[in-house]
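*Asks:* Pasting entry.cif here (mmCIF, C-alpha atoms):
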data_protein
loop_
_atom_site.label_atom_id
_atom_site.label_comp_id
_atom_site.auth_asym_id
_atom_site.auth_seq_id
_atom_site.Cartn_x
_atom_site.Cartn_y
_atom_site.Cartn_z
CA MET A 1114 75.99 90.28 187.66
CA ARG A 1115 78.10 90.87 190.75
CA HIS A 1116 78.60 89.01 194.03
CA THR A 1117 77.15 85.60 193.24
CA ARG A 1118 78.11 84.01 196.54
CA LEU A 1119 75.74 81.27 197.66
CA HIS A 1120 73.96 81.76 200.97
CA ARG A 1121 73.16 79.00 203.45
CA LEU A 1122 69.98 78.90 205.43
CA ARG A 1123 70.63 80.24 208.91
CA LEU A 1124 67.23 79.59 210.43
CA GLY A 1125 67.75 76.07 211.68
CA VAL A 1126 66.24 74.23 208.69
CA PRO A 1127 68.91 72.53 206.58
CA LEU A 1128 68.09 72.31 202.89
CA VAL A 1129 68.74 69.21 200.88
CA ALA A 1130 68.83 68.62 197.17
CA GLY A 1131 65.80 69.52 195.11
CA ALA A 1132 65.12 65.80 194.81
CA MET A 1133 63.57 65.87 198.29
CA VAL A 1134 60.36 67.17 196.76
CA LEU A 1135 60.49 64.96 193.70
CA SER A 1136 59.06 61.51 193.98
CA ALA A 1137 56.90 59.45 191.64
CA CYS A 1138 53.69 61.38 191.14
CA GLY A 1139 51.25 58.63 190.22
CA SER A 1140 48.21 60.70 189.24
CA ARG A 1141 47.26 64.34 189.20
CA ASP A 1142 44.98 63.87 192.19
CA GLU A 1143 47.23 62.06 194.65
CA GLY A 1144 49.00 65.19 195.90
CA ASP A 1145 45.73 66.99 196.53
CA ALA A 1146 44.28 64.02 198.40
CA ALA A 1147 47.36 63.74 200.59
CA GLY A 1148 47.13 67.41 201.53
CA GLU A 1149 43.42 67.36 202.26
CA SER A 1150 43.71 64.34 204.54
CA ALA A 1151 46.46 65.89 206.61
CA GLY A 1152 44.15 68.36 208.38
CA THR A 1153 46.83 71.04 208.52
CA THR A 1154 47.04 74.80 208.06
CA THR A 1155 46.38 75.70 204.43
CA VAL A 1156 48.87 78.12 202.89
CA THR A 1157 48.10 79.50 199.44
CA ILE A 1158 50.74 80.09 196.81
CA GLY A 1159 49.55 82.49 194.14
CA PHE A 1160 50.53 81.95 190.53
CA ASP A 1161 50.34 84.50 187.73
CA ALA A 1162 51.00 84.00 184.01
CA PRO A 1163 49.23 84.29 180.66
CA LEU A 1164 46.83 81.33 180.64
CA SER A 1165 44.85 82.43 177.61
CA LYS A 1166 45.45 84.11 174.24
CA ASP A 1167 48.74 83.90 172.32
CA LEU A 1168 51.01 82.88 175.20
CA ALA A 1169 48.66 80.36 176.82
CA ALA A 1170 50.82 77.36 175.89
CA VAL A 1171 53.87 78.62 177.76
CA GLY A 1172 51.79 79.92 180.67
CA LEU A 1173 49.93 76.65 181.16
CA GLY A 1174 53.19 74.68 181.13
CA MET A 1175 54.51 76.99 183.83
CA LYS A 1176 51.34 76.58 185.90
CA ASN A 1177 51.59 72.81 185.66
CA ALA A 1178 55.18 72.91 186.91
CA ALA A 1179 54.19 75.07 189.89
CA GLU A 1180 51.27 72.77 190.64
CA LEU A 1181 53.56 69.74 190.53
CA ALA A 1182 55.91 71.35 193.07
CA VAL A 1183 52.97 72.03 195.40
CA LYS A 1184 51.61 68.50 195.09
CA GLN A 1185 55.01 66.98 195.77
CA ALA A 1186 55.51 69.19 198.83
CA ASN A 1187 52.15 68.11 200.22
CA LYS A 1188 52.78 64.43 199.50
CA ASN A 1189 56.23 64.54 201.10
CA LYS A 1190 55.06 66.74 204.02
CA THR A 1191 57.95 69.06 203.25
CA VAL A 1192 56.63 71.59 205.80
CA PRO A 1193 55.10 69.75 208.77
CA GLY A 1194 51.75 71.20 209.72
CA VAL A 1195 51.27 73.00 206.40
CA THR A 1196 49.25 72.04 203.34
CA PHE A 1197 49.93 74.14 200.26
CA LYS A 1198 47.34 75.18 197.71
CA LEU A 1199 48.07 76.78 194.33
CA VAL A 1200 45.72 79.48 193.10
CA ALA A 1201 46.42 80.51 189.51
CA LYS A 1202 45.36 83.74 187.83
CA ASP A 1203 45.49 84.63 184.14
CA ASP A 1204 47.16 87.97 183.38
CA GLN A 1205 46.72 87.65 179.58
CA ALA A 1206 50.25 89.11 179.26
CA THR A 1207 48.75 92.47 180.22
CA PRO A 1208 50.36 94.63 182.97
CA THR A 1209 47.08 96.15 184.18
CA ILE A 1210 45.56 92.70 184.66
CA GLY A 1211 48.71 91.53 186.41
CA GLN A 1212 48.43 94.46 188.82
CA GLN A 1213 44.80 93.56 189.52
CA ASN A 1214 45.84 89.97 190.19
CA ALA A 1215 48.55 91.18 192.55
CA ALA A 1216 45.98 93.23 194.48
CA ALA A 1217 43.71 90.18 194.76
CA PHE A 1218 46.56 88.04 196.09
CA ALA A 1219 47.56 90.76 198.56
CA ALA A 1220 44.00 90.97 199.90
CA ASP A 1221 43.81 87.21 200.47
CA ASP A 1222 45.16 86.51 203.96
CA SER A 1223 45.87 82.88 203.06
CA VAL A 1224 48.45 83.84 200.38
CA ILE A 1225 52.11 83.58 201.42
CA GLY A 1226 53.67 84.55 198.11
CA VAL A 1227 53.30 84.68 194.35
CA VAL A 1228 55.11 82.73 191.66
CA GLY A 1229 55.17 84.87 188.51
CA ALA A 1230 54.80 86.58 186.26
CA TYR A 1231 55.98 85.41 182.85
CA ASN A 1232 56.33 88.82 181.22
CA SER A 1233 58.80 91.26 182.76
CA SER A 1234 56.40 94.13 182.04
CA VAL A 1235 53.66 92.36 183.99
CA SER A 1236 55.95 91.69 186.93
CA ALA A 1237 56.98 95.35 186.96
CA ALA A 1238 53.30 96.25 187.36
CA MET A 1239 52.89 93.77 190.24
CA GLN A 1240 56.04 94.46 192.25
CA SER A 1241 54.96 97.46 194.30
CA THR A 1242 51.63 95.95 195.34
CA LEU A 1243 53.17 92.63 196.41
CA HIS A 1244 55.99 94.43 198.22
CA ASP A 1245 53.60 96.62 200.19
CA ALA A 1246 51.65 93.51 201.20
CA GLY A 1247 54.83 91.79 202.40
CA LEU A 1248 54.46 88.92 199.93
CA VAL A 1249 57.33 87.03 198.36
CA GLN A 1250 57.35 87.37 194.58
CA ILE A 1251 59.51 84.89 192.68
CA SER A 1252 59.67 84.31 188.94
CA GLY A 1253 61.02 81.48 186.87
CA ALA A 1254 60.74 83.48 183.64
CA ASN A 1255 61.47 87.21 184.14
CA THR A 1256 64.81 88.19 182.62
CA ASN A 1257 64.82 92.00 182.47
CA PRO A 1258 67.62 93.28 184.75
CA THR A 1259 65.76 96.42 185.88
CA LEU A 1260 63.34 94.36 187.98
CA THR A 1261 66.07 93.61 190.50
CA ARG A 1262 68.77 96.24 189.92
CA GLY A 1263 66.96 99.32 188.66
CA ALA A 1264 67.09 101.38 185.49
CA ASP A 1265 70.78 102.19 185.98
CA TYR A 1266 71.66 98.54 186.57
CA LYS A 1267 74.96 98.65 184.67
CA ALA A 1268 76.56 101.70 186.27
CA SER A 1269 74.83 101.78 189.64
CA PRO A 1270 72.81 98.66 190.47
CA LYS A 1271 70.43 99.05 193.39
CA ARG A 1272 68.09 96.47 194.92
CA GLN A 1273 64.55 97.47 193.98
CA PHE A 1274 62.26 95.29 196.11
CA ASP A 1275 63.54 93.05 198.89
CA ASN A 1276 60.66 90.59 198.34
CA TYR A 1277 61.40 89.92 194.63
CA PHE A 1278 63.56 87.00 193.45
CA ARG A 1279 64.08 84.92 190.31
CA THR A 1280 65.52 81.52 189.47
CA ILE A 1281 66.44 82.42 185.88
CA THR A 1282 69.32 84.57 184.68
CA THR A 1283 68.98 87.99 183.08
CA ASP A 1284 69.10 89.60 179.66
CA ASP A 1285 72.44 91.26 180.30
CA VAL A 1286 73.83 87.71 180.52
CA GLN A 1287 71.96 86.02 177.65
CA ALA A 1288 72.04 88.87 175.10
CA PRO A 1289 75.87 89.17 174.98
CA VAL A 1290 76.06 85.40 174.46
CA ALA A 1291 73.75 85.75 171.46
CA ALA A 1292 75.81 88.66 170.15
CA GLU A 1293 79.01 86.64 170.41
CA TYR A 1294 77.45 83.66 168.67
CA PHE A 1295 76.06 85.71 165.80
CA TYR A 1296 79.27 87.69 165.28
CA GLU A 1297 81.89 84.98 165.80
CA ASP A 1298 80.20 81.63 165.11
CA LEU A 1299 77.76 82.64 162.38
CA GLY A 1300 79.98 85.37 160.94
CA ILE A 1301 77.17 87.94 160.79
CA LYS A 1302 78.83 91.36 160.63
CA LYS A 1303 75.78 93.46 159.66
CA LEU A 1304 72.50 92.90 161.40
CA ALA A 1305 69.00 94.34 161.78
CA THR A 1306 67.32 94.47 165.18
CA VAL A 1307 63.57 94.36 165.77
CA ASP A 1308 61.68 94.61 169.07
CA ASP A 1309 58.05 94.45 170.20
CA LYS A 1310 58.20 97.65 172.32
CA LYS A 1311 57.74 95.66 175.55
CA VAL A 1312 60.05 95.82 178.57
CA TYR A 1313 61.55 92.40 177.86
CA GLY A 1314 61.93 92.78 174.09
CA ALA A 1315 63.30 96.32 174.06
CA GLY A 1316 65.70 95.60 176.92
CA LEU A 1317 66.96 92.44 175.25
CA VAL A 1318 67.70 94.31 172.02
CA ASP A 1319 69.49 97.08 173.93
CA ASN A 1320 71.77 94.57 175.64
CA PHE A 1321 72.36 92.66 172.40
CA THR A 1322 73.17 95.84 170.46
CA GLU A 1323 75.72 97.02 173.01
CA ALA A 1324 77.54 93.69 173.04
CA TYR A 1325 77.34 93.21 169.26
CA THR A 1326 78.74 96.63 168.41
CA GLU A 1327 81.54 96.23 170.96
CA LEU A 1328 82.58 93.10 169.06
CA GLY A 1329 82.72 95.08 165.83
CA GLY A 1330 79.29 94.30 164.41
CA GLU A 1331 77.09 96.91 162.78
CA VAL A 1332 73.38 97.30 163.41
CA VAL A 1333 72.24 98.67 160.06
CA THR A 1334 68.62 99.27 161.06
CA HIS A 1335 66.45 99.06 164.15
CA GLN A 1336 62.72 98.49 163.77
CA SER A 1337 59.77 97.92 166.10
CA ILE A 1338 56.57 95.98 165.56
CA ASN A 1339 53.19 96.13 167.20
CA PRO A 1340 52.72 92.69 168.80
CA ASP A 1341 48.94 92.99 168.40
CA GLU A 1342 49.33 93.11 164.63
CA SER A 1343 50.35 90.30 162.27
CA ASP A 1344 51.41 92.10 159.09
CA TYR A 1345 55.04 93.19 159.29
CA ALA A 1346 55.46 94.11 155.61
CA SER A 1347 57.01 97.52 156.32
CA VAL A 1348 59.56 96.08 158.74
CA VAL A 1349 60.38 93.22 156.38
CA SER A 1350 60.90 95.62 153.47
CA THR A 1351 63.23 97.82 155.53
CA VAL A 1352 65.25 94.86 156.77
CA LYS A 1353 65.59 93.40 153.28
CA SER A 1354 66.84 96.68 151.78
CA SER A 1355 69.19 97.48 154.68
CA GLY A 1356 71.98 95.11 153.73
CA ALA A 1357 71.54 93.13 156.95
CA GLN A 1358 72.85 89.57 156.94
CA GLY A 1359 70.61 88.52 159.81
CA VAL A 1360 67.98 89.73 162.27
CA TYR A 1361 67.90 89.77 166.06
CA TYR A 1362 64.40 89.93 167.50
CA GLY A 1363 63.46 91.05 171.00
CA GLY A 1364 60.08 89.62 171.87
CA GLU A 1365 58.13 86.37 172.07
CA TYR A 1366 57.61 83.35 169.83
CA PRO A 1367 54.18 84.15 168.27
CA GLN A 1368 55.47 87.34 166.64
CA ALA A 1369 58.94 85.89 165.96
CA GLY A 1370 57.38 83.03 164.02
CA ALA A 1371 55.27 85.36 161.91
CA LEU A 1372 58.24 87.65 161.30
CA LYS A 1373 60.48 84.78 160.16
CA LYS A 1374 57.76 83.50 157.83
CA GLN A 1375 57.33 86.91 156.21
CA LEU A 1376 61.09 87.50 155.91
CA VAL A 1377 61.56 84.21 154.09
CA ALA A 1378 58.56 84.87 151.85
CA ALA A 1379 60.15 88.19 150.88
CA GLY A 1380 63.38 86.46 149.88
CA PHE A 1381 65.45 87.22 152.99
CA ASP A 1382 67.49 84.12 153.85
CA GLY A 1383 69.51 85.29 156.86
CA PRO A 1384 69.18 83.80 160.36
CA LEU A 1385 66.80 85.18 162.97
CA GLY A 1386 67.97 85.28 166.57
CA GLY A 1387 66.03 85.75 169.75
CA GLY A 1388 66.00 85.23 173.49
CA ASP A 1389 64.45 82.55 175.67
CA ALA A 1390 60.90 83.71 174.90
CA VAL A 1391 61.39 82.74 171.23
CA LYS A 1392 62.40 79.17 172.16
CA ASP A 1393 59.11 77.32 171.88
CA ASP A 1394 57.92 74.33 169.84
CA ALA A 1395 55.00 76.39 168.55
CA ILE A 1396 57.26 78.71 166.57
CA ILE A 1397 57.92 76.00 163.96
CA PRO A 1398 54.33 75.69 162.68
CA LEU A 1399 53.90 79.46 163.06
CA ALA A 1400 56.86 80.16 160.79
CA GLY A 1401 56.35 77.11 158.60
CA GLU A 1402 58.56 74.05 158.76
CA LYS A 1403 60.98 75.19 156.05
CA ALA A 1404 60.96 78.89 156.95
CA ALA A 1405 61.65 78.09 160.61
CA ASP A 1406 65.11 76.76 159.75
CA GLY A 1407 67.74 79.28 160.76
CA ILE A 1408 66.07 80.46 163.95
CA TYR A 1409 68.62 80.74 166.77
CA THR A 1410 67.78 81.37 170.41
CA THR A 1411 69.44 81.58 173.76
CA SER A 1412 67.91 79.75 176.69
CA ASP A 1413 68.89 79.62 180.33
CA GLY A 1414 70.82 76.61 181.50
CA GLN A 1415 71.58 73.48 179.56
CA PRO A 1416 68.72 71.68 177.80
CA ILE A 1417 66.69 70.29 180.66
CA ASP A 1418 66.43 66.79 179.22
CA THR A 1419 70.25 66.51 179.35
CA LEU A 1420 70.49 67.26 183.07
CA ASP A 1421 70.63 64.46 185.63
CA SER A 1422 69.07 66.91 188.09
CA ALA A 1423 65.95 67.13 185.91
CA LYS A 1424 65.24 63.42 185.42
CA SER A 1425 62.91 63.11 188.40
CA PHE A 1426 61.06 66.28 187.42
CA ILE A 1427 60.55 65.09 183.84
CA SER A 1428 59.38 61.67 185.01
CA ALA A 1429 56.96 63.16 187.54
CA TYR A 1430 55.62 65.69 185.05
CA GLU A 1431 54.92 62.95 182.52
CA ALA A 1432 53.32 60.75 185.16
CA ALA A 1433 51.04 63.61 186.20
CA GLY A 1434 49.40 63.49 182.78
CA TYR A 1435 49.53 67.18 181.92
CA SER A 1436 48.42 67.88 178.36
CA GLU A 1437 50.80 70.84 177.90
CA PRO A 1438 54.61 70.48 177.78
CA TYR A 1439 56.59 72.06 180.61
CA GLY A 1440 58.45 74.12 178.01
CA VAL A 1441 61.54 76.27 178.40
CA PHE A 1442 60.47 77.75 181.74
CA GLY A 1443 58.84 74.77 183.49
CA GLY A 1444 61.94 73.66 185.36
CA TYR A 1445 62.68 77.21 186.49
CA VAL A 1446 59.11 77.69 187.70
CA TYR A 1447 59.26 74.37 189.57
CA ASP A 1448 62.46 75.55 191.25
CA ALA A 1449 60.91 78.95 192.01
CA THR A 1450 57.90 77.32 193.66
CA THR A 1451 60.17 74.98 195.60
CA ALA A 1452 62.27 77.94 196.78
CA LEU A 1453 59.15 79.64 198.12
CA ILE A 1454 58.12 76.43 199.88
CA GLN A 1455 61.57 76.20 201.44
CA ALA A 1456 61.26 79.80 202.66
CA VAL A 1457 57.95 78.88 204.29
CA LYS A 1458 59.65 75.91 205.93
CA ALA A 1459 62.29 78.22 207.36
CA ALA A 1460 59.65 80.73 208.46
CA VAL A 1461 57.69 78.03 210.31
CA SER A 1462 60.88 76.85 211.97
CA ALA A 1463 61.68 80.41 213.05
CA ASN A 1464 58.16 80.57 214.50
CA GLY A 1465 58.87 77.67 216.84
CA GLY A 1466 57.64 75.03 214.43
CA LYS A 1467 54.15 76.52 214.31
CA ALA A 1468 52.56 77.91 211.19
CA GLY A 1469 50.40 80.43 212.99
CA THR A 1470 48.55 82.77 210.69
CA VAL A 1471 49.74 83.14 207.12
CA LYS A 1472 49.71 86.91 207.47
CA ASP A 1473 52.18 86.64 210.36
CA LEU A 1474 54.35 84.27 208.30
CA ARG A 1475 54.62 86.65 205.35
CA PRO A 1476 57.52 88.80 206.62
CA LYS A 1477 59.33 85.72 207.91
CA ALA A 1478 59.11 84.11 204.46
CA VAL A 1479 60.50 87.27 202.84
CA ALA A 1480 63.36 87.30 205.35
CA ALA A 1481 64.12 83.62 204.69
CA MET A 1482 64.24 83.83 200.88
CA PRO A 1483 67.78 85.27 200.50
CA GLU A 1484 69.18 82.33 202.45
CA VAL A 1485 67.45 79.59 200.44
CA THR A 1486 69.80 77.41 198.42
CA PHE A 1487 69.50 73.87 197.07
CA GLU A 1488 70.28 71.76 194.04
CA GLY A 1489 67.15 72.00 191.94
CA VAL A 1490 65.86 70.80 188.61
CA THR A 1491 67.86 73.44 186.73
CA GLY A 1492 71.02 73.26 188.82
CA THR A 1493 72.04 75.35 191.81
CA VAL A 1494 69.20 77.51 193.10
CA GLY A 1495 70.29 80.51 195.12
CA PHE A 1496 70.18 84.30 195.04
CA ASN A 1497 72.69 87.12 195.10
CA GLU A 1498 72.19 90.38 196.98
CA TYR A 1499 69.84 91.71 194.31
CA GLY A 1500 67.59 88.66 194.26
CA ASP A 1501 69.03 87.43 190.94
CA SER A 1502 69.81 83.79 190.30
CA VAL A 1503 73.36 82.58 190.90
CA ASN A 1504 72.97 80.07 188.04
CA LYS A 1505 74.30 81.72 184.85
CA VAL A 1506 74.53 79.06 182.14
CA ILE A 1507 73.29 79.92 178.63
CA SER A 1508 72.61 77.53 175.75
CA ILE A 1509 72.32 78.22 172.04
CA ASN A 1510 69.53 76.41 170.19
CA THR A 1511 68.56 76.33 166.54
CA VAL A 1512 65.86 75.00 164.22
CA LYS A 1513 67.19 72.69 161.53
CA ASP A 1514 65.15 70.51 159.16
CA GLY A 1515 61.98 71.65 160.91
CA ALA A 1516 63.02 70.60 164.43
CA TRP A 1517 64.79 72.16 167.39
CA GLN A 1518 68.40 71.22 168.05
CA ASP A 1519 68.98 72.22 171.65
CA GLY A 1520 72.25 73.10 173.33
CA ILE A 1521 74.40 73.24 170.18
CA LYS A 1522 76.73 75.43 172.24
CA VAL A 1523 76.74 76.07 175.99
CA PHE A 1524 78.25 79.12 177.70
CA LYS A 1525 79.03 79.24 181.41
CA LYS A 1526 79.31 82.86 182.55
#
Go through the file and emit its structure as structure tokens.
*Replies:*
Amino acid sequence: MRHTRLHRLRLGVPLVAGAMVLSACGSRDEGDAAGESAGTTTVTIGFDAPLSKDLAAVGLGMKNAAELAVKQANKNKTVPGVTFKLVAKDDQATPTIGQQNAAAFAADDSVIGVVGAYNSSVSAAMQSTLHDAGLVQISGANTNPTLTRGADYKASPKRQFDNYFRTITTDDVQAPVAAEYFYEDLGIKKLATVDDKKVYGAGLVDNFTEAYTELGGEVVTHQSINPDESDYASVVSTVKSSGAQGVYYGGEYPQAGALKKQLVAAGFDGPLGGGDAVKDDAIIPLAGEKAADGIYTTSDGQPIDTLDSAKSFISAYEAAGYSEPYGVFGGYVYDATTALIQAVKAAVSANGGKAGTVKDLRPKAVAAMPEVTFEGVTGTVGFNEYGDSVNKVISINTVKDGAWQDGIKVFKK
């Protein structure tokens, strides 16, 4: 990415460290009670992610993180005169449903912006609708570069939608890190690539392949799977006979787990690599404890439980009593929600300290977003001229002896 200069808020509302919205949470109801008793203008933050089906575990963890940010903002009165409410919608990882959710958010005059989606393909389906409605869209999980810089993002990047932002880095940063690790650290010189035909998976494999071949590696076969199916016998057979020493998979953990299980069952003992969407605790039982060994993934930032900046978030999340873990993306979604809240704070300040109508605040919140910067759960939160995150740290993780070992190597790009 280019031009990663941090911006400072120029609307009269200084931003402090992300800790300002992180205090002991107590119970899951305290934040709601504090907001309801304030008698202030209610501003809705929309949330979109897969909350059912295969990806429900990751989506629910993301929703919890967004909810925690909203409750903390209400409890701390981060924006005087404003009470925030989170309204979550389930997109089932389906672009058409995501677009319908975007239309519903756009039609609701109380909605100031939308946190989401999880899938890059779903966000792509939502972008135009949210842009036309003047709503901020910010994701803590989308990594496909085209969402911010267009299809020709390498040769001629161009801002796509001025209302779209993300707090997580992109596939053209994480995929080359994976390529370098496979080629140099693991010594894999011949490799098979597999994708799930989705925007995220196919784009990740494209970026990985370019970087891997530039290093001298050879992609001996490229295969695609149907993510709605569970029998990958044909792909496994082709990979096994190709002479590949390892596999790089572009897609998500449910299919990656099944693929690794079937590769091992067929006698293929090479490592399987993947991006941040493969890094999930659920992949170990899906692959089988022994077969899961040798999975390698990239993830954005350093492992969250090693960061001093994340201690308050982790403590508050645990105190809130959520049944689902915050997962790989929870911290990024918390920071995304906080960034939107900070943009609302700036918009209210620019409106003379009055919230007014949410519909009138929408364009002011969009205008404020590029200037938002603070030290968040995941590190420095800020955006470059395309709306991409300025935080570009990538970790390598692996499964060994049936458990994740996080951050075995950290790259700062």
*Asks:* Could you tell me, as a VMD selection string, exactly which residues end up selected when the PyMOL selection byres ((chain A and resi 1455-1463) around 10) is applied to this structure?
*Replies:* chain A and resid 1122 to 1128 1156 1186 1191 to 1195 1225 to 1226 1249 1449 to 1454 1464 to 1469 1471 1473 to 1487
*Asks:* Would you kindly translate the PyMOL selection byres ((chain A and resi 1328-1343) around 10) into the concrete residues it picks from this file, as a ChimeraX atom specification?
*Replies:* /A:1167,1289,1292-1293,1295-1297,1300-1311,1314-1315,1318,1322-1327,1344-1349,1351-1352,1354-1365,1367-1369,1371-1372,1375
*Asks:* In Å, with one decimal, what is the gap from CA of Ile1509 (chain A) to CA of Ser1350 (chain A)?
*Replies:*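 One can read the CA of Ile1509 (chain A) to CA of Ser1350 (chain A) distance as 27.9 Å.
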*Asks:* For Tyr1409 (chain A), list every protein, DNA or RNA residue within 8 Å, evaluated using only C-alpha atoms, and leave out those in the same chain fewer than 5 positions away; present the list as a JSON list (two decimals) with C-alpha atoms, in the frame of the given file.
*Replies:*
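The resulting file, selection.json, is reproduced below:
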[["chain", "number", "residue", "atom", "x", "y", "z"],
["A", 1384, "PRO", "CA", 69.18, 83.80, 160.36],
["A", 1385, "LEU", "CA", 66.80, 85.18, 162.97],
["A", 1386, "GLY", "CA", 67.97, 85.28, 166.57],
["A", 1387, "GLY", "CA", 66.03, 85.75, 169.75],
["A", 1509, "ILE", "CA", 72.32, 78.22, 172.04],
["A", 1510, "ASN", "CA", 69.53, 76.41, 170.19],
["A", 1511, "THR", "CA", 68.56, 76.33, 166.54],
["A", 1512, "VAL", "CA", 65.86, 75.00, 164.22]]
*Asks:* Any chance you could work out the residue set of the PyMOL selection byres ((chain A and resi 1421) around 12) here, as a compact mmCIF listing (two decimals) with C-alpha atoms, in the frame of the given file?
*Replies:*
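File result_23.txt, as written:
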# COMPACT_ATOMS: atom_id res chain seq x y z
CA GLY A 1131 65.80 69.52 195.11
CA ALA A 1132 65.12 65.80 194.81
CA GLN A 1415 71.58 73.48 179.56
CA PRO A 1416 68.72 71.68 177.80
CA ILE A 1417 66.69 70.29 180.66
CA ASP A 1418 66.43 66.79 179.22
CA THR A 1419 70.25 66.51 179.35
CA LEU A 1420 70.49 67.26 183.07
CA SER A 1422 69.07 66.91 188.09
CA ALA A 1423 65.95 67.13 185.91
CA LYS A 1424 65.24 63.42 185.42
CA SER A 1425 62.91 63.11 188.40
CA PHE A 1426 61.06 66.28 187.42
CA ILE A 1427 60.55 65.09 183.84
CA SER A 1428 59.38 61.67 185.01
CA GLU A 1488 70.28 71.76 194.04
CA GLY A 1489 67.15 72.00 191.94
CA VAL A 1490 65.86 70.80 188.61
CA THR A 1491 67.86 73.44 186.73
CA GLY A 1492 71.02 73.26 188.82
*Asks:* May I ask you to restore N, CA, C and O atoms in region 1514-1526 of chain A and write the result as a PDB file, in the frame of the given file?
*Replies:*
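Everything below was put into part08.pdb:
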ATOM      1  N   ASP A1514      66.013  71.543 159.758  1.00  0.00           N
ATOM      2  CA  ASP A1514      65.150  70.510 159.160  1.00  0.00           C
ATOM      3  C   ASP A1514      63.815  70.429 159.896  1.00  0.00           C
ATOM      4  O   ASP A1514      63.268  69.352 160.141  1.00  0.00           O
ATOM      5  N   GLY A1515      63.299  71.595 160.295  1.00  0.00           N
ATOM      6  CA  GLY A1515      61.980  71.650 160.910  1.00  0.00           C
ATOM      7  C   GLY A1515      61.896  71.157 162.330  1.00  0.00           C
ATOM      8  O   GLY A1515      60.808  70.866 162.824  1.00  0.00           O
ATOM      9  N   ALA A1516      63.030  71.074 163.041  1.00  0.00           N
ATOM     10  CA  ALA A1516      63.020  70.600 164.430  1.00  0.00           C
ATOM     11  C   ALA A1516      64.084  71.350 165.233  1.00  0.00           C
ATOM     12  O   ALA A1516      65.126  71.761 164.692  1.00  0.00           O
ATOM     13  N   TRP A1517      63.814  71.497 166.517  1.00  0.00           N
ATOM     14  CA  TRP A1517      64.790  72.160 167.390  1.00  0.00           C
ATOM     15  C   TRP A1517      65.992  71.260 167.643  1.00  0.00           C
ATOM     16  O   TRP A1517      65.848  70.069 167.888  1.00  0.00           O
ATOM     17  N   GLN A1518      67.169  71.846 167.579  1.00  0.00           N
ATOM     18  CA  GLN A1518      68.400  71.220 168.050  1.00  0.00           C
ATOM     19  C   GLN A1518      68.860  72.047 169.242  1.00  0.00           C
ATOM     20  O   GLN A1518      69.294  73.189 169.091  1.00  0.00           O
ATOM     21  N   ASP A1519      68.728  71.480 170.426  1.00  0.00           N
ATOM     22  CA  ASP A1519      68.980  72.220 171.650  1.00  0.00           C
ATOM     23  C   ASP A1519      70.426  72.072 172.123  1.00  0.00           C
ATOM     24  O   ASP A1519      71.043  71.013 171.981  1.00  0.00           O
ATOM     25  N   GLY A1520      70.929  73.142 172.713  1.00  0.00           N
ATOM     26  CA  GLY A1520      72.250  73.100 173.330  1.00  0.00           C
ATOM     27  C   GLY A1520      73.376  72.844 172.359  1.00  0.00           C
ATOM     28  O   GLY A1520      74.324  72.131 172.671  1.00  0.00           O
ATOM     29  N   ILE A1521      73.318  73.458 171.146  1.00  0.00           N
ATOM     30  CA  ILE A1521      74.400  73.240 170.180  1.00  0.00           C
ATOM     31  C   ILE A1521      75.701  73.901 170.670  1.00  0.00           C
ATOM     32  O   ILE A1521      76.787  73.534 170.226  1.00  0.00           O
ATOM     33  N   LYS A1522      75.566  74.855 171.575  1.00  0.00           N
ATOM     34  CA  LYS A1522      76.730  75.430 172.240  1.00  0.00           C
ATOM     35  C   LYS A1522      76.279  75.912 173.604  1.00  0.00           C
ATOM     36  O   LYS A1522      75.185  76.473 173.748  1.00  0.00           O
ATOM     37  N   VAL A1523      77.087  75.697 174.642  1.00  0.00           N
ATOM     38  CA  VAL A1523      76.740  76.070 175.990  1.00  0.00           C
ATOM     39  C   VAL A1523      77.802  77.002 176.553  1.00  0.00           C
ATOM     40  O   VAL A1523      79.006  76.743 176.444  1.00  0.00           O
ATOM     41  N   PHE A1524      77.359  78.113 177.110  1.00  0.00           N
ATOM     42  CA  PHE A1524      78.250  79.120 177.700  1.00  0.00           C
ATOM     43  C   PHE A1524      78.041  79.133 179.211  1.00  0.00           C
ATOM     44  O   PHE A1524      76.891  79.205 179.677  1.00  0.00           O
ATOM     45  N   LYS A1525      79.109  79.109 179.955  1.00  0.00           N
ATOM     46  CA  LYS A1525      79.030  79.240 181.410  1.00  0.00           C
ATOM     47  C   LYS A1525      79.679  80.571 181.788  1.00  0.00           C
ATOM     48  O   LYS A1525      80.872  80.756 181.638  1.00  0.00           O
ATOM     49  N   LYS A1526      78.852  81.493 182.287  1.00  0.00           N
ATOM     50  CA  LYS A1526      79.310  82.860 182.550  1.00  0.00           C
ATOM     51  C   LYS A1526      79.734  83.035 183.985  1.00  0.00           C
ATOM     52  O   LYS A1526      79.292  82.329 184.868  1.00  0.00           O
TER      53      LYS A1526
END
